$ cat work14.csv   # CSV, C-alpha atoms and all ligand atoms
chain,number,residue,atom,x,y,z
A,186,MET,CA,-11.9,12.5,2.9
A,187,CYS,CA,-10.7,9.1,1.8
A,188,MET,CA,-12.8,6.2,0.9
A,189,GLU,CA,-11.6,2.8,1.8
A,190,VAL,CA,-11.9,0.1,-0.8
A,191,LYS,CA,-11.1,-3.6,-0.5
A,192,ILE,CA,-10.1,-5.6,-3.5
A,193,ARG,CA,-9.4,-9.2,-3.9
A,194,CYS,CA,-6.6,-10.4,-6.1
A,195,GLU,CA,-7.0,-12.4,-9.3
A,196,CYS,CA,-6.3,-15.8,-7.7
A,197,GLY,CA,-8.6,-15.0,-4.8
A,198,GLN,CA,-6.1,-15.8,-2.0
A,199,LYS,CA,-5.5,-12.3,-0.8
A,200,GLU,CA,-7.2,-9.0,-0.3
A,201,ALA,CA,-5.8,-5.5,0.0
A,202,SER,CA,-7.3,-2.2,1.2
A,203,PHE,CA,-7.0,0.9,-1.0
A,204,ASN,CA,-7.2,4.6,-0.3
A,205,LEU,CA,-8.6,6.8,-3.0
A,206,ARG,CA,-7.4,10.2,-2.1
A,207,ASP,CA,-10.2,12.9,-2.1
A,208,ASN,CA,-12.3,10.4,-4.0
A,209,ILE,CA,-11.0,11.7,-7.2
A,210,MET,CA,-10.7,8.3,-8.7
A,211,PRO,CA,-13.6,5.8,-8.6
A,212,GLN,CA,-12.7,2.3,-7.4
A,213,GLU,CA,-13.1,1.0,-11.0
A,214,VAL,CA,-9.8,2.7,-11.7
A,215,ILE,CA,-8.2,-0.4,-10.0
A,216,PHE,CA,-8.7,-2.8,-12.9
A,217,SER,CA,-7.0,-5.8,-11.4
A,218,LEU,CA,-4.9,-6.8,-8.4
A,219,TYR,CA,-2.3,-9.5,-8.3
A,220,CYS,CA,-0.8,-10.8,-5.0
A,221,PRO,CA,2.8,-12.1,-5.0
A,222,ARG,CA,1.4,-15.5,-5.9
A,223,CYS,CA,-0.7,-14.6,-9.0
A,224,SER,CA,1.6,-11.8,-10.2
A,225,SER,CA,4.2,-14.4,-11.2
A,226,GLU,CA,1.9,-15.5,-13.9
A,227,ILE,CA,1.6,-12.2,-15.7
A,228,GLU,CA,3.9,-9.9,-17.5
A,229,LEU,CA,4.4,-6.5,-16.0
A,230,ASN,CA,3.1,-3.8,-18.3
A,231,GLU,CA,4.6,-0.5,-17.0
A,232,SER,CA,2.2,1.6,-18.9
A,233,THR,CA,-0.8,0.3,-16.9
A,234,MET,CA,0.7,-1.4,-13.8
A,235,ILE,CA,2.8,-0.7,-10.8
A,236,TRP,CA,4.9,-3.4,-9.1
A,237,ASP,CA,5.3,-3.3,-5.3
A,238,ASN,CA,7.4,-6.0,-3.8
A,239,GLY,CA,5.6,-8.8,-5.6
A,240,TRP,CA,2.2,-7.2,-5.7
A,241,ILE,CA,1.0,-5.7,-9.0
A,242,ILE,CA,-1.8,-3.2,-9.3
A,243,GLU,CA,-3.2,-2.8,-12.8
A,244,TYR,CA,-5.0,0.5,-13.5
A,245,ASP,CA,-7.6,1.4,-16.0
A,246,MET,CA,-5.5,4.2,-17.3
A,247,GLU,CA,-8.1,5.5,-19.7
A,248,LEU,CA,-10.5,6.1,-16.8
A,249,ALA,CA,-7.7,7.5,-14.6
A,250,ARG,CA,-6.7,10.0,-17.3
A,251,PHE,CA,-10.3,11.0,-17.9
A,252,MET,CA,-10.9,11.6,-14.1
A,253,ALA,CA,-7.6,13.4,-13.6
A,254,VAL,CA,-8.2,15.8,-16.5
A,255,ALA,CA,-11.8,16.4,-15.4
A,256,LYS,CA,-11.4,16.8,-11.7
A,257,LEU,CA,-7.8,17.8,-11.2
A,258,GLY,CA,-7.0,19.6,-14.4
A,259,ILE,CA,-3.9,17.6,-14.9
A,260,PRO,CA,-2.6,16.9,-18.4
A,261,ALA,CA,-3.4,13.4,-19.4
A,262,GLU,CA,0.2,12.5,-20.2
A,263,LYS,CA,1.2,13.2,-16.5
A,264,VAL,CA,-1.2,10.5,-15.3
A,265,THR,CA,0.9,7.3,-14.9
A,266,PRO,CA,0.6,4.3,-12.7
A,267,ALA,CA,3.3,5.8,-10.5
A,268,PHE,CA,1.4,9.1,-10.2
A,269,LEU,CA,-1.8,7.2,-9.1
A,270,PHE,CA,0.1,5.2,-6.5
A,271,ASP,CA,2.6,7.8,-5.2
A,272,GLU,CA,0.2,10.7,-5.0
A,273,GLY,CA,-2.3,8.6,-3.2
A,274,TYR,CA,-5.1,8.6,-5.7
A,275,ALA,CA,-5.3,4.8,-5.8
A,276,THR,CA,-2.8,3.3,-3.4
A,277,TRP,CA,-2.5,0.9,-0.5
A,278,LYS,CA,-4.3,2.1,2.6
A,279,GLU,CA,-1.5,0.7,4.7
A,280,LEU,CA,2.2,0.9,3.9
A,281,TYR,CA,1.8,-2.5,2.3
A,282,PRO,CA,-1.1,-5.0,2.3
A,283,GLY,CA,-1.5,-6.7,5.6
A,284,GLU,CA,0.6,-4.1,7.5
A,285,LEU,CA,-1.9,-3.6,10.3
A,286,GLU,CA,-2.2,-7.3,11.0
A,287,ASP,CA,1.6,-7.6,11.1
A,288,ILE,CA,1.9,-4.6,13.5
A,289,LYS,CA,-0.6,-6.1,15.8
A,290,ASN,CA,1.3,-9.3,16.1
A,291,GLU,CA,4.7,-7.7,16.4
A,292,LYS,CA,3.5,-5.2,19.0
A,293,GLU,CA,2.0,-7.8,21.3
A,294,ALA,CA,5.3,-8.9,22.6
A,295,ILE,CA,6.3,-5.3,23.3
A,296,VAL,CA,3.1,-4.3,25.0
A,297,ALA,CA,3.7,-7.1,27.5
A,298,ILE,CA,6.7,-5.2,28.7
A,299,LEU,CA,4.6,-2.1,29.6
A,300,LYS,CA,3.3,-3.6,32.8
A,301,GLU,CA,6.7,-4.7,34.0
A,302,ASP,CA,8.9,-1.8,33.0
A,303,PRO,CA,7.3,1.3,31.4
A,304,HIS,CA,10.7,3.0,30.8
A,305,ARG,CA,12.0,0.0,28.9
A,306,TYR,CA,8.7,-0.3,27.0
A,307,PHE,CA,9.1,3.1,25.4
A,308,LYS,CA,12.6,2.3,24.4
A,309,GLU,CA,11.6,-1.0,23.0
A,310,LEU,CA,8.7,0.6,21.1
A,311,ARG,CA,11.0,3.2,19.6
A,312,ASP,CA,13.6,0.7,18.6
A,313,TRP,CA,11.0,-1.6,17.1
A,314,ALA,CA,9.4,1.3,15.1
A,315,ASN,CA,12.8,2.3,13.7
A,316,ALA,CA,13.9,-1.3,12.9
A,317,ARG,CA,10.6,-2.0,11.3
A,318,MET,CA,10.8,1.0,9.0
A,319,ALA,CA,14.4,0.2,8.0
A,320,ARG,CA,13.3,-3.4,7.3
A,321,LEU,CA,10.4,-2.2,5.1
A,322,LYS,CA,12.7,0.0,3.1
A,323,GLU,CA,15.1,-2.8,2.6
A,324,GLU,CA,12.4,-5.2,1.5
A,325,GLY,CA,11.6,-2.6,-1.2
A,326,TRP,CA,8.0,-1.5,-0.4
A,327,ARG,CA,7.3,1.5,-2.6
A,328,LYS,CA,5.6,3.6,0.1
A,329,ALA,CA,8.5,2.9,2.5
A,330,GLN,CA,10.9,4.5,0.0
A,331,LEU,CA,8.9,7.7,0.1
A,332,ILE,CA,9.1,8.2,3.8
A,401,ZN,ZN,-3.5,-13.7,-5.8

$ encode --input "work14.csv" --output "structure tokens"
Amino acid sequence: MCMEVKIRCECGQKEASFNLRDNIMPQEVIFSLYCPRCSSEIELNESTMIWDNGWIIEYDMELARFMAVAKLGIPAEKVTPAFLFDEGYATWKELYPGELEDIKNEKEAIVAILKEDPHRYFKELRDWANARMARLKEEGWRKAQLI
């Protein structure tokens, strides 16, 4: 079971949805969130933060370590920002913040083809999905690199 959590960034302009895998981590483990706009005003501290294509998530590492040791039996030193993000314990719900919205917009044009030519629709859809994933990898989104 995954609980969804929405967090607003420090400047207040953007919001991102998070997944907390198996509810191991409480949402307080996400100490601060910086969108590409407000992240330019802070220094990246790799011991508590993860950078993802302009976004920065700052974790409460003390809390994260405490929970990981207590609930997962993982040695405290293995609990890093990358661990929290890549293992899904406190990560984007989507591949990147705002992905679902983007998909909706991009897909609309393709869905219009369905009525006219179903065969072409499936081809277009497949091409779009492949091109999209290649683009996200190229843009450098962290979760796209893991796929
Ligand atoms: Zn912001």

$ closest_residue --input "work14.csv" --among "A:Gln330, A:His304, A:Pro211, A:Ala201" --to "Glu286 in chain A" --atoms "only C-alpha atoms"
A:Ala201

$ residues_near_ligand --input "work14.csv" --ligand "ligand ZN 401 (chain A)" --cutoff "10 Å" --atoms "only C-alpha atoms and all ligand atoms" --output "number ranges by chain"
A: 193-200, 218-226, 240-241

$ closest_residue --input "work14.csv" --among "A:Leu269, A:Ile295, A:Val190, A:Met210" --to "Leu248 in chain A" --atoms "all atoms listed in the file"
A:Met210

$ atom_distance --input "work14.csv" --atom1 "CA of Ile259 in chain A" --atom2 "CA of Ser232 in chain A"
17.6 Å

$ atom_distance --input "work14.csv" --atom1 "CA of Ala314 in chain A" --atom2 "CA of Phe268 in chain A"
27.7 Å

$ closest_residue --input "work14.csv" --among "A:Ala297, A:Ala261, A:Ala275, A:Leu280" --to "Lys322 in chain A" --atoms "all atoms listed in the file"
A:Leu280

$ atom_distance --input "work14.csv" --atom1 "CA of Met234 in chain A" --atom2 "CA of Ala253 in chain A"
17.0 Å

$ closest_residue --input "work14.csv" --among "A:Glu262, A:Tyr281, A:Glu309, A:Asn315" --to "Gly239 in chain A" --atoms "only C-alpha atoms"
A:Tyr281
